[in-house]
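Step one of this worksheet: look at the structure below.
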Amino acid sequence: MAFKIIWSEQARDDLQSIVLFIARDHPPAAESFGFRLMSKVDVLAQFPLIGRVVPEENDETVREIVLRPYRIIYKVLAQKQWLPSPESGTAHAANRIFR
């Protein structure tokens, strides 16, 4: 059974901000990046544990996948997943998971 991906409002806003930022210089790259990020996230529905455990959290349910320079940090729940915001490479986003 596939997991359900639930995008938080913050995640949707962050993705839109990232795409708009990239679009200022290169609109085709912005669109491509947005689709690549969403495609990486879609894989989580079938393989929720594919991401590595977030090192600074040390919690098996808090994981991340990377689409450089961003980290997509998410939490695996019993019957669904909740996706917090994509963050730039070194940003600590795990505290946003529980918003």
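Labeling convention for the structure tokens: chains A, B, ... as they appear, residues from 1 per chain, ligands from 1 in order of appearance.
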
Practice problem: Name all residues at most 10 Å from A:Glu31 (count only C-alpha atoms; drop same-chain ones fewer than 4 positions away) and give them as number ranges by chain. | Solution: A: 19-20, 22-23, 26-27, 35-36

Can I get the selected residues back with all heavy atoms, as an mmCIF file, in the first residue's frame?
data_model
loop_
_atom_site.group_PDB
_atom_site.id
_atom_site.type_symbol
_atom_site.label_atom_id
_atom_site.label_comp_id
_atom_site.auth_asym_id
_atom_site.auth_seq_id
_atom_site.Cartn_x
_atom_site.Cartn_y
_atom_site.Cartn_z
ATOM 1 N N VAL A 19 11.135 28.281 -6.586
ATOM 2 C CA VAL A 19 10.926 28.311 -8.034
ATOM 3 C C VAL A 19 10.909 29.749 -8.543
ATOM 4 O O VAL A 19 11.523 30.066 -9.570
ATOM 5 C CB VAL A 19 9.650 27.534 -8.417
ATOM 6 C CG1 VAL A 19 9.285 27.765 -9.873
ATOM 7 C CG2 VAL A 19 9.839 26.049 -8.145
ATOM 8 N N LEU A 20 10.234 30.641 -7.846
ATOM 9 C CA LEU A 20 10.213 32.049 -8.262
ATOM 10 C C LEU A 20 11.602 32.677 -8.208
ATOM 11 O O LEU A 20 11.962 33.481 -9.077
ATOM 12 C CB LEU A 20 9.233 32.845 -7.394
ATOM 13 C CG LEU A 20 7.759 32.537 -7.626
ATOM 14 C CD1 LEU A 20 6.889 33.249 -6.589
ATOM 15 C CD2 LEU A 20 7.335 32.903 -9.040
ATOM 16 N N ILE A 22 14.524 31.116 -8.626
ATOM 17 C CA ILE A 22 15.291 30.595 -9.763
ATOM 18 C C ILE A 22 14.794 31.228 -11.064
ATOM 19 O O ILE A 22 15.593 31.546 -11.963
ATOM 20 C CB ILE A 22 15.190 29.052 -9.831
ATOM 21 C CG1 ILE A 22 15.834 28.423 -8.588
ATOM 22 C CG2 ILE A 22 15.849 28.514 -11.102
ATOM 23 C CD1 ILE A 22 15.554 26.933 -8.422
ATOM 24 N N ALA A 23 13.490 31.439 -11.170
ATOM 25 C CA ALA A 23 12.883 31.979 -12.398
ATOM 26 C C ALA A 23 13.342 33.394 -12.710
ATOM 27 O O ALA A 23 13.319 33.798 -13.881
ATOM 28 C CB ALA A 23 11.367 31.931 -12.293
ATOM 29 N N HIS A 26 16.416 32.355 -14.735
ATOM 30 C CA HIS A 26 16.299 31.318 -15.765
ATOM 31 C C HIS A 26 14.974 30.571 -15.616
ATOM 32 O O HIS A 26 14.922 29.510 -14.975
ATOM 33 C CB HIS A 26 17.482 30.366 -15.642
ATOM 34 C CG HIS A 26 17.727 29.578 -16.876
ATOM 35 N ND1 HIS A 26 16.894 28.556 -17.271
ATOM 36 C CD2 HIS A 26 18.702 29.662 -17.809
ATOM 37 C CE1 HIS A 26 17.361 28.022 -18.389
ATOM 38 N NE2 HIS A 26 18.453 28.683 -18.739
ATOM 39 N N PRO A 27 13.899 31.105 -16.215
ATOM 40 C CA PRO A 27 12.579 30.483 -16.063
ATOM 41 C C PRO A 27 12.521 28.999 -16.424
ATOM 42 O O PRO A 27 11.911 28.219 -15.674
ATOM 43 C CB PRO A 27 11.673 31.323 -16.968
ATOM 44 C CG PRO A 27 12.337 32.658 -17.004
ATOM 45 C CD PRO A 27 13.825 32.372 -16.965
ATOM 46 N N PHE A 35 9.678 20.539 -11.029
ATOM 47 C CA PHE A 35 9.213 19.197 -11.402
ATOM 48 C C PHE A 35 10.141 18.110 -10.863
ATOM 49 O O PHE A 35 9.676 17.060 -10.421
ATOM 50 C CB PHE A 35 9.082 19.066 -12.925
ATOM 51 C CG PHE A 35 7.859 19.753 -13.475
ATOM 52 C CD1 PHE A 35 7.974 20.643 -14.517
ATOM 53 C CD2 PHE A 35 6.598 19.498 -12.943
ATOM 54 C CE1 PHE A 35 6.854 21.283 -15.033
ATOM 55 C CE2 PHE A 35 5.468 20.133 -13.457
ATOM 56 C CZ PHE A 35 5.599 21.028 -14.502
ATOM 57 N N ARG A 36 11.454 18.354 -10.883
ATOM 58 C CA ARG A 36 12.390 17.356 -10.341
ATOM 59 C C ARG A 36 12.165 17.154 -8.848
ATOM 60 O O ARG A 36 12.179 16.022 -8.352
ATOM 61 C CB ARG A 36 13.844 17.749 -10.610
ATOM 62 C CG ARG A 36 14.275 17.485 -12.037
ATOM 63 C CD ARG A 36 15.730 17.759 -12.230
ATOM 64 N NE ARG A 36 15.974 19.153 -11.807
ATOM 65 C CZ ARG A 36 17.148 19.631 -11.428
ATOM 66 N NH1 ARG A 36 18.201 18.868 -11.399
ATOM 67 N NH2 ARG A 36 17.279 20.880 -11.069
#

Quiz item: Leaving out A:Thr61 and any residue of its chain fewer than 3 positions from it, which residues lie within 8 Å of it when counting only C-alpha atoms, given as an MDAnalysis selection string?
Solution: chainID A and resid 53 75:77

Exercise. Excluding A:Leu67 and any residue of its chain fewer than 5 positions from it, enumerate the residues within 9 Å of it, using only C-alpha atoms, and give them as an NGL selection string.
Key: :A and (33 or 36-37 or 40 or 72)

Practice problem: Using only C-alpha atoms, pick whichever of A:Arg63, A:Gly34, A:Ile50, A:Ala78 has the shortest atom-to-atom distance to A:Arg12. | Solution: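 Looking at the shortest contact to A:Arg12, the residue is A:Gly34.
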
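Closest approach to A:Lys4 from the set A:Val66, A:Leu44, A:Ile73, A:Val54 is made by A:Leu44, with distances taken over only C-alpha atoms.
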
Quiz item: Which residues in stretch 4-84 of chain A does DSSP call helix (DSSP H, G or I)? List them as a ChimeraX atom specification.
Solution: /A:9-23,27-43
